[in-house]
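Here the structure comes first, spelled out in structure tokens, and everything after it is commentary.
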There are 2 protein chains.
Amino acid sequence: MDHVDEILRQWNRERPDLDVGPMGLIGRLGRIVHYLTREMDKTFAAFGLTGASFDVLATLRRAGAPYSLSPGDLLATMMITSGTLTNRIDQLEKAGLVARASNPEDGRSVIISLTETGLATIDAAVTAHVETQKRLVSVLPAEERDLLDVQLRAFLAGIAARS
Amino acid sequence: MDHVDEILRQWNRERPDLDVGPMGLIGRLGRIVHYLTREMDKTFAAFGLTGASFDVLATLRRAGAPYSLSPGDLLATMMITSGTLTNRIDQLEKAGLVARASNPEDGRSVIISLTETGLATIDAAVTAHVETQKRLVSVLPAEERDLLDVQLRAFLAGIAARS
DNA sequence: TGGAGATATCTTGACGTCAAGATTAATCCA
DNA sequence: TGGATTAATCTTGACGTCAAGATATCTCCA
């Protein structure tokens, strides 16, 4: 009987006509992600980052040397809009973690690169981040965790296919 | 091989020292919630609501007649800060969906109530919302859905206990 | 070759959120 | 009883996000 059950119980009393089964599943997903995000944000903050800025740096870092991508490349892998990305890059540029350069091959495009400071920051931050994530999922035994991952994969595939 | 797998593959190449297992699980959770939120927001928008305003109205509705709670009561069941709640109530009051009244028993406190319009709005919106949720979870067979719910319940319990 | 349409990025304006602190009222007990 | 403490709500300021549209550049083909 967790907090979500209490919500469902109230709906059952007030609106017995509603089938609130899906609400329980989706509600738990939302709460879990809410808690996880909060905890991970603490790790990011320790490196002067937010979840938003971490994502940009991590995407550049994962791409491999020379750690350069266009905004369009970044957009293709991040679930955000172009205006949001522009804003993120502005902040990171101001902080000296990335640099914008014009693309000699396409005047419409620019190239975003990690600076030396940016590279050092993301390498340290991701190490700590992975440790935080390890701690957060450790509340489940390894076997259950693997099973959960399998199910989430199926769920994500089903949802993403319709979006 | 979904999008999350591609991210893990990149990390493996660039930083083989990292154990990215937990990142896969947490990443899928985040993406699923992101997609679900997007879809549910469309339903809310059809009733002139946002996820934020829906939550307040729904909490008042679930409480039963006379659909009145204090901001403190609302805060206890919603994972937001007091400043955020004040802002939400301001918007809803402006829209005529809730009303603020002073609490005769405690001068520090106020009572938030659904208006007639607010009650009609949330009753219609929650009916549509439940349908949307049903559609969203229908990508999984009922059995897998139930199993997933059981596992999420365990995960949530573990995380919430540490927060 | 030059104009129409496509493409890449940025700008604008409106929200939602949080952390930290301010304000006002109630309570406790010396 | 009255000053200190606690409690409930609101205010402020800084961000992050999105949708819609603006700007600049490229590409294609008549």
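By order in the structure tokens, chains are A, B, ...; within a chain, residues start at 1; ligands start at 1, following the order shown.
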
Which residues come within 12 Å of C:DA30, counting only C-alpha atoms (C1' of nucleotides), excluding same-chain residues fewer than 3 positions away, as a VMD selection string?
chain D and resid 1 to 4

Selection near A:Thr77, 12 Å with only C-alpha atoms (C1' of nucleotides), sequence-local residues under 2 positions removed, as a short mmCIF file (atom, residue, chain, number, x, y, z; two decimals) with all heavy atoms, in the first residue's frame:
data_model
loop_
_atom_site.label_atom_id
_atom_site.label_comp_id
_atom_site.auth_asym_id
_atom_site.auth_seq_id
_atom_site.Cartn_x
_atom_site.Cartn_y
_atom_site.Cartn_z
N ASP A 55 23.85 16.51 -20.21
CA ASP A 55 23.45 15.79 -21.42
C ASP A 55 24.22 16.24 -22.65
O ASP A 55 24.63 15.41 -23.48
CB ASP A 55 21.95 15.98 -21.68
CG ASP A 55 21.12 14.96 -20.95
OD1 ASP A 55 21.71 14.04 -20.34
OD2 ASP A 55 19.88 15.08 -20.97
N VAL A 56 24.39 17.55 -22.78
CA VAL A 56 25.11 18.06 -23.95
C VAL A 56 26.57 17.62 -23.90
O VAL A 56 27.11 17.09 -24.90
CB VAL A 56 25.02 19.59 -24.02
CG1 VAL A 56 25.86 20.12 -25.18
CG2 VAL A 56 23.58 20.04 -24.17
N ALA A 58 27.88 15.16 -22.30
CA ALA A 58 28.01 13.70 -22.42
C ALA A 58 27.84 13.26 -23.87
O ALA A 58 28.55 12.35 -24.33
CB ALA A 58 26.96 13.02 -21.53
N THR A 59 26.93 13.89 -24.57
CA THR A 59 26.72 13.52 -25.97
C THR A 59 27.97 13.82 -26.81
O THR A 59 28.38 13.02 -27.65
CB THR A 59 25.50 14.25 -26.55
OG1 THR A 59 24.35 13.95 -25.75
CG2 THR A 59 25.23 13.82 -27.99
N LEU A 60 28.58 14.96 -26.54
CA LEU A 60 29.83 15.29 -27.25
C LEU A 60 30.94 14.32 -26.87
O LEU A 60 31.70 13.84 -27.73
CB LEU A 60 30.25 16.73 -26.91
CG LEU A 60 29.38 17.84 -27.51
CD1 LEU A 60 29.70 19.18 -26.86
CD2 LEU A 60 29.59 17.92 -29.02
N ARG A 62 30.71 11.20 -25.75
CA ARG A 62 30.43 9.86 -26.27
C ARG A 62 30.76 9.74 -27.75
O ARG A 62 31.06 8.66 -28.25
CB ARG A 62 28.94 9.52 -26.13
CG ARG A 62 28.43 9.22 -24.78
CD ARG A 62 27.12 8.44 -24.87
NE ARG A 62 26.18 8.97 -25.85
CZ ARG A 62 25.24 9.87 -25.60
NH1 ARG A 62 25.10 10.38 -24.40
NH2 ARG A 62 24.43 10.28 -26.56
N ALA A 63 30.66 10.87 -28.44
CA ALA A 63 30.90 10.86 -29.89
C ALA A 63 32.36 10.54 -30.20
O ALA A 63 32.70 10.16 -31.31
CB ALA A 63 30.50 12.20 -30.50
N LEU A 69 30.27 18.11 -32.60
CA LEU A 69 29.04 17.78 -33.31
C LEU A 69 28.32 19.08 -33.66
O LEU A 69 28.52 20.10 -33.01
CB LEU A 69 28.11 16.92 -32.43
CG LEU A 69 28.55 15.50 -32.07
CD1 LEU A 69 27.62 14.91 -31.03
CD2 LEU A 69 28.58 14.62 -33.32
N SER A 70 27.48 19.01 -34.67
CA SER A 70 26.66 20.18 -34.99
C SER A 70 25.42 20.15 -34.08
O SER A 70 25.06 19.10 -33.54
CB SER A 70 26.22 20.12 -36.44
OG SER A 70 25.29 19.07 -36.62
N PRO A 71 24.76 21.29 -33.93
CA PRO A 71 23.49 21.29 -33.17
C PRO A 71 22.51 20.28 -33.74
O PRO A 71 21.79 19.62 -32.99
CB PRO A 71 23.00 22.73 -33.34
CG PRO A 71 24.25 23.53 -33.49
CD PRO A 71 25.18 22.65 -34.28
N GLY A 72 22.49 20.14 -35.04
CA GLY A 72 21.59 19.16 -35.64
C GLY A 72 21.91 17.74 -35.21
O GLY A 72 21.01 16.96 -34.90
N ASP A 73 23.20 17.41 -35.15
CA ASP A 73 23.60 16.08 -34.67
C ASP A 73 23.15 15.88 -33.23
O ASP A 73 22.64 14.82 -32.85
CB ASP A 73 25.13 15.94 -34.72
CG ASP A 73 25.68 15.95 -36.14
OD1 ASP A 73 24.92 15.60 -37.07
OD2 ASP A 73 26.85 16.31 -36.32
N LEU A 74 23.36 16.90 -32.42
CA LEU A 74 22.98 16.81 -31.02
C LEU A 74 21.46 16.62 -30.88
O LEU A 74 20.99 15.79 -30.09
CB LEU A 74 23.40 18.08 -30.26
CG LEU A 74 24.91 18.22 -30.00
CD1 LEU A 74 25.25 19.64 -29.57
CD2 LEU A 74 25.37 17.23 -28.94
N LEU A 75 20.72 17.37 -31.66
CA LEU A 75 19.26 17.25 -31.61
C LEU A 75 18.77 15.85 -31.94
O LEU A 75 17.80 15.37 -31.38
CB LEU A 75 18.62 18.24 -32.59
CG LEU A 75 18.39 19.65 -32.06
CD1 LEU A 75 17.78 20.51 -33.14
CD2 LEU A 75 17.50 19.61 -30.83
N MET A 79 16.17 14.34 -26.74
CA MET A 79 14.73 14.54 -26.92
C MET A 79 14.30 15.96 -26.53
O MET A 79 13.48 16.15 -25.64
CB MET A 79 13.98 13.52 -26.08
CG MET A 79 14.24 12.08 -26.50
SD MET A 79 13.23 10.91 -25.54
CE MET A 79 13.84 11.24 -23.89
N ILE A 80 14.86 16.94 -27.19
CA ILE A 80 14.53 18.34 -26.90
C ILE A 80 14.32 19.11 -28.19
O ILE A 80 14.61 18.60 -29.28
CB ILE A 80 15.65 19.02 -26.09
CG1 ILE A 80 16.97 18.94 -26.87
CG2 ILE A 80 15.79 18.40 -24.72
CD1 ILE A 80 18.10 19.69 -26.23
N THR A 81 13.83 20.33 -28.08
CA THR A 81 13.60 21.14 -29.27
C THR A 81 14.84 21.98 -29.58
O THR A 81 15.74 22.11 -28.75
CB THR A 81 12.41 22.08 -29.05
OG1 THR A 81 12.71 22.95 -27.96
CG2 THR A 81 11.15 21.31 -28.76
N SER A 82 14.83 22.56 -30.76
CA SER A 82 16.02 23.31 -31.18
C SER A 82 16.24 24.54 -30.31
O SER A 82 17.38 24.91 -30.01
CB SER A 82 15.88 23.72 -32.65
OG SER A 82 14.82 24.65 -32.81
N LEU A 85 17.99 23.56 -27.18
CA LEU A 85 19.41 23.26 -27.40
C LEU A 85 20.23 24.53 -27.53
O LEU A 85 21.33 24.62 -26.97
CB LEU A 85 19.56 22.39 -28.66
CG LEU A 85 21.01 22.01 -28.98
CD1 LEU A 85 21.64 21.23 -27.83
CD2 LEU A 85 21.09 21.22 -30.27
N ASP B 2 18.02 -0.59 -29.21
CA ASP B 2 17.28 0.66 -29.28
C ASP B 2 18.24 1.84 -29.10
O ASP B 2 19.46 1.68 -29.07
CB ASP B 2 16.14 0.69 -28.27
CG ASP B 2 16.64 0.57 -26.84
OD1 ASP B 2 17.85 0.76 -26.61
OD2 ASP B 2 15.83 0.29 -25.95
N HIS B 3 17.65 3.00 -28.98
CA HIS B 3 18.45 4.21 -28.87
C HIS B 3 19.35 4.21 -27.63
O HIS B 3 20.48 4.68 -27.66
CB HIS B 3 17.52 5.42 -28.84
CG HIS B 3 18.18 6.68 -29.22
ND1 HIS B 3 17.82 7.44 -30.30
CD2 HIS B 3 19.25 7.31 -28.66
CE1 HIS B 3 18.61 8.48 -30.39
NE2 HIS B 3 19.48 8.43 -29.41
N VAL B 4 18.82 3.67 -26.56
CA VAL B 4 19.60 3.61 -25.32
C VAL B 4 20.81 2.69 -25.49
O VAL B 4 21.92 3.00 -25.03
CB VAL B 4 18.71 3.15 -24.14
CG1 VAL B 4 19.56 2.95 -22.89
CG2 VAL B 4 17.61 4.18 -23.88
N GLU B 6 22.46 2.21 -28.13
CA GLU B 6 23.46 2.94 -28.92
C GLU B 6 24.30 3.86 -28.01
O GLU B 6 25.52 3.96 -28.17
CB GLU B 6 22.74 3.76 -30.00
CG GLU B 6 23.62 4.74 -30.76
CD GLU B 6 24.74 4.05 -31.53
OE1 GLU B 6 24.67 2.83 -31.75
OE2 GLU B 6 25.72 4.76 -31.88
N ILE B 7 23.62 4.47 -27.05
CA ILE B 7 24.34 5.34 -26.11
C ILE B 7 25.32 4.51 -25.28
O ILE B 7 26.49 4.89 -25.08
CB ILE B 7 23.33 6.07 -25.20
CG1 ILE B 7 22.56 7.11 -26.02
CG2 ILE B 7 24.04 6.74 -24.02
CD1 ILE B 7 21.44 7.78 -25.27
N ARG B 31 13.14 7.81 -20.70
CA ARG B 31 12.55 7.98 -22.02
C ARG B 31 11.08 7.59 -22.04
O ARG B 31 10.25 8.24 -22.67
CB ARG B 31 13.32 7.16 -23.05
CG ARG B 31 14.55 7.91 -23.52
CD ARG B 31 15.45 7.11 -24.39
NE ARG B 31 16.60 7.95 -24.70
CZ ARG B 31 16.77 8.60 -25.86
NH1 ARG B 31 15.88 8.48 -26.82
NH2 ARG B 31 17.82 9.36 -26.04
#

As an MDAnalysis selection string, please: all residues of stretch 4-111 of chain A that backbone DSSP puts in strand (DSSP E).
chainID A and resid 68:69 98:102 110:111

Extract the full set of helix (DSSP H, G or I) residues from stretch 33-161 of chain A according to DSSP on the backbone, and format it as a compact mmCIF listing (two decimals) with N, CA and C atoms, in the first residue's frame.
# COMPACT_ATOMS: atom_id res chain seq x y z
N VAL A 33 10.98 8.05 -11.64
CA VAL A 33 11.84 8.95 -12.41
C VAL A 33 12.05 10.27 -11.68
N HIS A 34 11.02 10.74 -11.02
CA HIS A 34 11.13 11.97 -10.26
C HIS A 34 12.21 11.86 -9.18
N TYR A 35 12.16 10.77 -8.41
CA TYR A 35 13.15 10.57 -7.36
C TYR A 35 14.56 10.40 -7.94
N LEU A 36 14.66 9.60 -8.98
CA LEU A 36 15.97 9.35 -9.59
C LEU A 36 16.57 10.65 -10.11
N THR A 37 15.75 11.45 -10.77
CA THR A 37 16.23 12.71 -11.33
C THR A 37 16.77 13.62 -10.23
N ARG A 38 16.02 13.69 -9.16
CA ARG A 38 16.45 14.51 -8.03
C ARG A 38 17.83 14.10 -7.52
N GLU A 39 18.02 12.81 -7.36
CA GLU A 39 19.30 12.33 -6.84
C GLU A 39 20.44 12.58 -7.83
N MET A 40 20.18 12.30 -9.10
CA MET A 40 21.23 12.47 -10.10
C MET A 40 21.62 13.94 -10.23
N ASP A 41 20.62 14.82 -10.07
CA ASP A 41 20.90 16.25 -10.17
C ASP A 41 21.92 16.69 -9.11
N LYS A 42 21.89 16.03 -7.96
CA LYS A 42 22.85 16.38 -6.91
C LYS A 42 24.28 16.11 -7.38
N THR A 43 24.45 14.99 -8.05
CA THR A 43 25.78 14.67 -8.58
C THR A 43 26.21 15.71 -9.61
N PHE A 44 25.29 16.05 -10.50
CA PHE A 44 25.62 17.06 -11.52
C PHE A 44 26.01 18.37 -10.87
N ALA A 45 25.25 18.75 -9.86
CA ALA A 45 25.51 20.04 -9.19
C ALA A 45 26.91 20.07 -8.59
N ALA A 46 27.39 18.91 -8.15
CA ALA A 46 28.72 18.86 -7.55
C ALA A 46 29.81 19.23 -8.57
N GLY A 51 21.23 18.65 -15.17
CA GLY A 51 20.94 17.52 -16.03
C GLY A 51 21.01 17.93 -17.49
N ALA A 52 20.54 19.15 -17.76
CA ALA A 52 20.54 19.66 -19.13
C ALA A 52 21.96 19.82 -19.67
N SER A 53 22.82 20.46 -18.91
CA SER A 53 24.18 20.70 -19.42
C SER A 53 24.98 19.40 -19.46
N PHE A 54 24.73 18.53 -18.49
CA PHE A 54 25.41 17.23 -18.51
C PHE A 54 25.11 16.49 -19.81
N ASP A 55 23.85 16.51 -20.21
CA ASP A 55 23.45 15.79 -21.42
C ASP A 55 24.22 16.24 -22.65
N VAL A 56 24.39 17.55 -22.78
CA VAL A 56 25.11 18.06 -23.95
C VAL A 56 26.57 17.62 -23.90
N LEU A 57 27.20 17.82 -22.78
CA LEU A 57 28.61 17.44 -22.66
C LEU A 57 28.79 15.94 -22.88
N ALA A 58 27.88 15.16 -22.30
CA ALA A 58 28.01 13.70 -22.42
C ALA A 58 27.84 13.26 -23.87
N THR A 59 26.93 13.89 -24.57
CA THR A 59 26.72 13.52 -25.97
C THR A 59 27.97 13.82 -26.81
N LEU A 60 28.58 14.96 -26.54
CA LEU A 60 29.83 15.29 -27.25
C LEU A 60 30.94 14.32 -26.87
N ARG A 61 31.02 13.99 -25.59
CA ARG A 61 32.09 13.08 -25.13
C ARG A 61 31.94 11.69 -25.72
N ARG A 62 30.71 11.20 -25.75
CA ARG A 62 30.43 9.86 -26.27
C ARG A 62 30.76 9.74 -27.75
N PRO A 71 24.76 21.29 -33.93
CA PRO A 71 23.49 21.29 -33.17
C PRO A 71 22.51 20.28 -33.74
N GLY A 72 22.49 20.14 -35.04
CA GLY A 72 21.59 19.16 -35.64
C GLY A 72 21.91 17.74 -35.21
N ASP A 73 23.20 17.41 -35.15
CA ASP A 73 23.60 16.08 -34.67
C ASP A 73 23.15 15.88 -33.23
N LEU A 74 23.36 16.90 -32.42
CA LEU A 74 22.98 16.81 -31.02
C LEU A 74 21.46 16.62 -30.88
N LEU A 75 20.72 17.37 -31.66
CA LEU A 75 19.26 17.25 -31.61
C LEU A 75 18.77 15.85 -31.94
N ALA A 76 19.47 15.22 -32.87
CA ALA A 76 19.02 13.90 -33.33
C ALA A 76 19.05 12.87 -32.21
N THR A 77 19.88 13.10 -31.20
CA THR A 77 19.98 12.10 -30.14
C THR A 77 19.43 12.57 -28.80
N SER A 82 14.83 22.56 -30.76
CA SER A 82 16.02 23.31 -31.18
C SER A 82 16.24 24.54 -30.31
N GLY A 83 15.16 25.18 -29.89
CA GLY A 83 15.31 26.36 -29.04
C GLY A 83 15.95 26.02 -27.71
N THR A 84 15.56 24.88 -27.16
CA THR A 84 16.14 24.43 -25.90
C THR A 84 17.63 24.17 -26.07
N LEU A 85 17.99 23.56 -27.18
CA LEU A 85 19.41 23.26 -27.40
C LEU A 85 20.23 24.53 -27.53
N THR A 86 19.70 25.49 -28.27
CA THR A 86 20.41 26.76 -28.40
C THR A 86 20.69 27.36 -27.02
N ASN A 87 19.68 27.32 -26.19
CA ASN A 87 19.83 27.85 -24.84
C ASN A 87 20.90 27.09 -24.04
N ARG A 88 20.89 25.77 -24.16
CA ARG A 88 21.88 24.96 -23.43
C ARG A 88 23.30 25.28 -23.90
N ILE A 89 23.44 25.39 -25.21
CA ILE A 89 24.78 25.67 -25.75
C ILE A 89 25.24 27.06 -25.30
N ASP A 90 24.31 28.01 -25.29
CA ASP A 90 24.66 29.36 -24.83
C ASP A 90 25.25 29.31 -23.41
N GLN A 91 24.57 28.58 -22.54
CA GLN A 91 25.04 28.50 -21.15
C GLN A 91 26.42 27.86 -21.07
N LEU A 92 26.57 26.76 -21.79
CA LEU A 92 27.83 26.03 -21.73
C LEU A 92 28.98 26.83 -22.34
N GLU A 93 28.66 27.60 -23.36
CA GLU A 93 29.69 28.42 -24.00
C GLU A 93 30.13 29.51 -23.02
N LYS A 94 29.15 30.10 -22.36
CA LYS A 94 29.43 31.13 -21.36
C LYS A 94 30.33 30.56 -20.25
N GLU A 116 38.98 22.02 -23.47
CA GLU A 116 39.76 21.17 -22.56
C GLU A 116 39.09 21.06 -21.21
N THR A 117 38.62 22.21 -20.72
CA THR A 117 37.91 22.21 -19.43
C THR A 117 36.64 21.38 -19.52
N GLY A 118 35.94 21.50 -20.64
CA GLY A 118 34.71 20.74 -20.82
C GLY A 118 34.98 19.24 -20.80
N LEU A 119 36.04 18.83 -21.46
CA LEU A 119 36.39 17.41 -21.51
C LEU A 119 36.74 16.88 -20.12
N ALA A 120 37.54 17.66 -19.40
CA ALA A 120 37.91 17.22 -18.04
C ALA A 120 36.68 17.16 -17.15
N THR A 121 35.79 18.14 -17.31
CA THR A 121 34.60 18.19 -16.47
C THR A 121 33.68 17.00 -16.73
N ILE A 122 33.42 16.71 -18.00
CA ILE A 122 32.48 15.62 -18.28
C ILE A 122 33.09 14.27 -17.91
N ASP A 123 34.39 14.11 -18.07
CA ASP A 123 35.00 12.83 -17.71
C ASP A 123 34.90 12.58 -16.21
N ALA A 124 35.10 13.63 -15.43
CA ALA A 124 34.96 13.46 -13.98
C ALA A 124 33.50 13.28 -13.60
N ALA A 125 32.62 14.06 -14.22
CA ALA A 125 31.20 14.02 -13.86
C ALA A 125 30.57 12.68 -14.20
N VAL A 126 30.91 12.14 -15.35
CA VAL A 126 30.26 10.89 -15.75
C VAL A 126 30.72 9.73 -14.86
N THR A 127 31.94 9.79 -14.41
CA THR A 127 32.42 8.76 -13.48
C THR A 127 31.59 8.77 -12.20
N ALA A 128 31.37 9.97 -11.67
CA ALA A 128 30.56 10.08 -10.45
C ALA A 128 29.10 9.73 -10.74
N HIS A 129 28.63 10.12 -11.90
CA HIS A 129 27.23 9.87 -12.28
C HIS A 129 26.94 8.38 -12.33
N VAL A 130 27.85 7.63 -12.92
CA VAL A 130 27.66 6.19 -13.02
C VAL A 130 27.62 5.55 -11.62
N GLU A 131 28.42 6.08 -10.73
CA GLU A 131 28.39 5.58 -9.35
C GLU A 131 27.05 5.87 -8.69
N THR A 132 26.54 7.06 -8.93
CA THR A 132 25.24 7.44 -8.37
C THR A 132 24.15 6.52 -8.91
N GLN A 133 24.19 6.28 -10.20
CA GLN A 133 23.18 5.41 -10.80
C GLN A 133 23.27 4.00 -10.24
N LYS A 134 24.50 3.54 -10.04
CA LYS A 134 24.69 2.21 -9.48
C LYS A 134 24.05 2.11 -8.09
N ARG A 135 24.27 3.16 -7.30
CA ARG A 135 23.68 3.19 -5.96
C ARG A 135 22.16 3.18 -6.04
N LEU A 136 21.61 3.95 -6.96
CA LEU A 136 20.15 4.08 -7.05
C LEU A 136 19.47 2.78 -7.45
N VAL A 137 20.08 2.05 -8.37
CA VAL A 137 19.43 0.80 -8.80
C VAL A 137 19.73 -0.36 -7.85
N ALA A 142 20.04 -7.92 -8.43
CA ALA A 142 20.52 -7.92 -9.81
C ALA A 142 19.57 -8.65 -10.76
N GLU A 143 19.01 -9.74 -10.32
CA GLU A 143 18.12 -10.51 -11.21
C GLU A 143 16.86 -9.74 -11.55
N GLU A 144 16.27 -9.13 -10.54
CA GLU A 144 15.05 -8.35 -10.78
C GLU A 144 15.35 -7.16 -11.68
N ARG A 145 16.53 -6.61 -11.45
CA ARG A 145 16.94 -5.46 -12.25
C ARG A 145 17.02 -5.84 -13.73
N ASP A 146 17.61 -6.98 -14.00
CA ASP A 146 17.73 -7.43 -15.39
C ASP A 146 16.36 -7.70 -16.00
N LEU A 147 15.49 -8.30 -15.21
CA LEU A 147 14.15 -8.58 -15.71
C LEU A 147 13.40 -7.28 -15.99
N LEU A 148 13.55 -6.33 -15.07
CA LEU A 148 12.91 -5.03 -15.25
C LEU A 148 13.41 -4.37 -16.53
N ASP A 149 14.70 -4.46 -16.76
CA ASP A 149 15.27 -3.84 -17.95
C ASP A 149 14.68 -4.46 -19.22
N VAL A 150 14.51 -5.75 -19.20
CA VAL A 150 13.92 -6.43 -20.36
C VAL A 150 12.50 -5.92 -20.62
N GLN A 151 11.75 -5.77 -19.56
CA GLN A 151 10.36 -5.32 -19.73
C GLN A 151 10.28 -3.86 -20.16
N LEU A 152 11.17 -3.06 -19.61
CA LEU A 152 11.17 -1.65 -20.00
C LEU A 152 11.56 -1.51 -21.46
N ARG A 153 12.46 -2.35 -21.87
CA ARG A 153 12.87 -2.30 -23.28
C ARG A 153 11.68 -2.55 -24.19
N ALA A 154 10.87 -3.55 -23.84
CA ALA A 154 9.68 -3.87 -24.64
C ALA A 154 8.68 -2.71 -24.61
N PHE A 155 8.51 -2.14 -23.44
CA PHE A 155 7.56 -1.03 -23.29
C PHE A 155 8.03 0.16 -24.12
N LEU A 156 9.30 0.49 -23.99
CA LEU A 156 9.83 1.64 -24.73
C LEU A 156 9.71 1.42 -26.23
N ALA A 157 10.01 0.21 -26.66
CA ALA A 157 9.91 -0.07 -28.09
C ALA A 157 8.48 0.13 -28.57
N GLY A 158 7.52 -0.32 -27.77
CA GLY A 158 6.13 -0.17 -28.14
C GLY A 158 5.69 1.27 -28.21
N ILE A 159 6.11 2.04 -27.25
CA ILE A 159 5.71 3.45 -27.20
C ILE A 159 6.41 4.26 -28.28
N ALA A 160 7.70 4.07 -28.40
CA ALA A 160 8.49 4.88 -29.35
C ALA A 160 8.01 4.64 -30.77
N ALA A 161 7.55 3.41 -31.03
CA ALA A 161 7.09 3.09 -32.38
C ALA A 161 5.87 3.92 -32.77

Taking only residues of chain D that have an atom at most 10 Å from an atom of chain A, what is each one's shortest atom pair and its distance in Å to one decimal, using only C-alpha atoms (C1' of nucleotides), in chain and number order, as JSON lines?
{"residue": "D:DC15", "atom": "C1'", "partner": "A:Thr50", "partner_atom": "CA", "distance": 9.9}
{"residue": "D:DG16", "atom": "C1'", "partner": "A:Thr84", "partner_atom": "CA", "distance": 7.7}
{"residue": "D:DT17", "atom": "C1'", "partner": "A:Thr84", "partner_atom": "CA", "distance": 6.4}
{"residue": "D:DC18", "atom": "C1'", "partner": "A:Thr81", "partner_atom": "CA", "distance": 7.1}
{"residue": "D:DA19", "atom": "C1'", "partner": "A:Thr81", "partner_atom": "CA", "distance": 9.2}
{"residue": "D:DA24", "atom": "C1'", "partner": "A:Arg108", "partner_atom": "CA", "distance": 6.5}
{"residue": "D:DT25", "atom": "C1'", "partner": "A:Arg108", "partner_atom": "CA", "distance": 5.0}
{"residue": "D:DC26", "atom": "C1'", "partner": "A:Asp106", "partner_atom": "CA", "distance": 7.7}

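Here atom CA of A:Arg9 stands at a distance of 16.2 Å from atom CA of B:Tyr67.
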
Given a cut-off of 7 Å, which residues of chain C touch chain B, counting only C-alpha atoms (C1' of nucleotides), written out as a PyMOL selection string?
chain C and resi 17+24-25

Could you save the residues just selected, with all heavy atoms, as a compact mmCIF listing (two decimals), in the first residue's frame?
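Result file is again.txt:
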# COMPACT_ATOMS: atom_id res chain seq x y z
P DT C 17 5.02 22.28 -12.57
OP1 DT C 17 4.92 20.80 -12.62
OP2 DT C 17 4.03 23.07 -11.83
O5' DT C 17 6.46 22.62 -12.01
C5' DT C 17 7.61 22.03 -12.62
C4' DT C 17 8.85 22.54 -11.93
O4' DT C 17 9.13 23.88 -12.37
C3' DT C 17 8.72 22.64 -10.41
O3' DT C 17 9.31 21.50 -9.80
C2' DT C 17 9.46 23.91 -10.05
C1' DT C 17 9.87 24.52 -11.36
N1 DT C 17 9.58 25.97 -11.47
C2 DT C 17 10.62 26.85 -11.53
O2 DT C 17 11.79 26.50 -11.50
N3 DT C 17 10.26 28.17 -11.61
C4 DT C 17 8.98 28.68 -11.64
O4 DT C 17 8.78 29.89 -11.73
C5 DT C 17 7.93 27.70 -11.56
C7 DT C 17 6.50 28.14 -11.58
C6 DT C 17 8.27 26.40 -11.48
P DT C 24 2.84 40.91 6.55
OP1 DT C 24 2.04 41.73 5.64
OP2 DT C 24 3.76 41.53 7.55
O5' DT C 24 1.86 39.94 7.34
C5' DT C 24 1.12 38.97 6.61
C4' DT C 24 0.77 37.82 7.51
O4' DT C 24 1.94 37.02 7.76
C3' DT C 24 0.25 38.22 8.89
O3' DT C 24 -1.11 37.82 8.96
C2' DT C 24 1.13 37.46 9.87
C1' DT C 24 1.76 36.39 9.00
N1 DT C 24 3.07 35.85 9.44
C2 DT C 24 3.22 34.49 9.53
O2 DT C 24 2.33 33.71 9.28
N3 DT C 24 4.47 34.08 9.93
C4 DT C 24 5.55 34.88 10.24
O4 DT C 24 6.61 34.38 10.58
C5 DT C 24 5.33 36.29 10.12
C7 DT C 24 6.44 37.24 10.43
C6 DT C 24 4.11 36.71 9.72
P DA C 25 -2.01 38.14 10.29
OP1 DA C 25 -3.38 38.39 9.84
OP2 DA C 25 -1.31 39.10 11.16
O5' DA C 25 -2.00 36.72 11.02
C5' DA C 25 -2.42 35.60 10.26
C4' DA C 25 -2.19 34.36 11.07
O4' DA C 25 -0.78 34.13 11.23
C3' DA C 25 -2.78 34.40 12.48
O3' DA C 25 -3.57 33.23 12.66
C2' DA C 25 -1.57 34.44 13.40
C1' DA C 25 -0.51 33.74 12.56
N9 DA C 25 0.87 34.13 12.82
C8 DA C 25 1.41 35.39 12.81
N7 DA C 25 2.70 35.42 13.07
C5 DA C 25 3.03 34.09 13.26
C6 DA C 25 4.25 33.45 13.58
N6 DA C 25 5.40 34.10 13.74
N1 DA C 25 4.23 32.11 13.72
C2 DA C 25 3.06 31.46 13.54
N3 DA C 25 1.86 31.95 13.25
C4 DA C 25 1.91 33.28 13.12

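Separating atom CA of A:Gly96 from atom C1' of D:DA22 is a distance of 28.0 Å.
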
Would you pick out the contacts of D:DG13 at 12 Å or less, using only C-alpha atoms (C1' of nucleotides), so that residues sharing its chain but fewer than 4 positions from it are not included, and give the list as a VMD selection string?
chain C and resid 18 to 21

Filtering to N, CA, C and O atoms (P, O5', C5', C4', C3', O3' and C1' of nucleotides), could you give me those residues as a short mmCIF file (atom, residue, chain, number, x, y, z; two decimals), in the first residue's frame?
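Contents of again_7.cif, freshly written:
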data_model
loop_
_atom_site.label_atom_id
_atom_site.label_comp_id
_atom_site.auth_asym_id
_atom_site.auth_seq_id
_atom_site.Cartn_x
_atom_site.Cartn_y
_atom_site.Cartn_z
P DC C 18 9.36 21.35 -8.21
"O5'" DC C 18 10.67 22.15 -7.81
"C5'" DC C 18 11.91 21.83 -8.44
"C4'" DC C 18 12.96 22.83 -8.01
"C3'" DC C 18 13.07 22.97 -6.50
"O3'" DC C 18 14.38 22.61 -6.08
"C1'" DC C 18 12.87 25.11 -7.55
P DA C 19 14.65 22.33 -4.56
"O5'" DA C 19 15.45 23.63 -4.10
"C5'" DA C 19 16.50 24.12 -4.92
"C4'" DA C 19 17.00 25.43 -4.35
"C3'" DA C 19 17.14 25.45 -2.83
"O3'" DA C 19 18.32 26.18 -2.52
"C1'" DA C 19 15.57 27.11 -3.51
P DA C 20 18.82 26.27 -1.02
"O5'" DA C 20 18.36 27.74 -0.60
"C5'" DA C 20 18.62 28.81 -1.50
"C4'" DA C 20 17.97 30.06 -0.96
"C3'" DA C 20 17.97 30.17 0.57
"O3'" DA C 20 18.39 31.46 0.93
"C1'" DA C 20 15.77 30.47 -0.27
P DG C 21 18.61 31.89 2.48
"O5'" DG C 21 17.46 32.97 2.68
"C5'" DG C 21 17.26 33.93 1.65
"C4'" DG C 21 15.87 34.53 1.75
"C3'" DG C 21 15.49 34.98 3.18
"O3'" DG C 21 14.87 36.25 3.08
"C1'" DG C 21 13.79 33.67 2.28
#
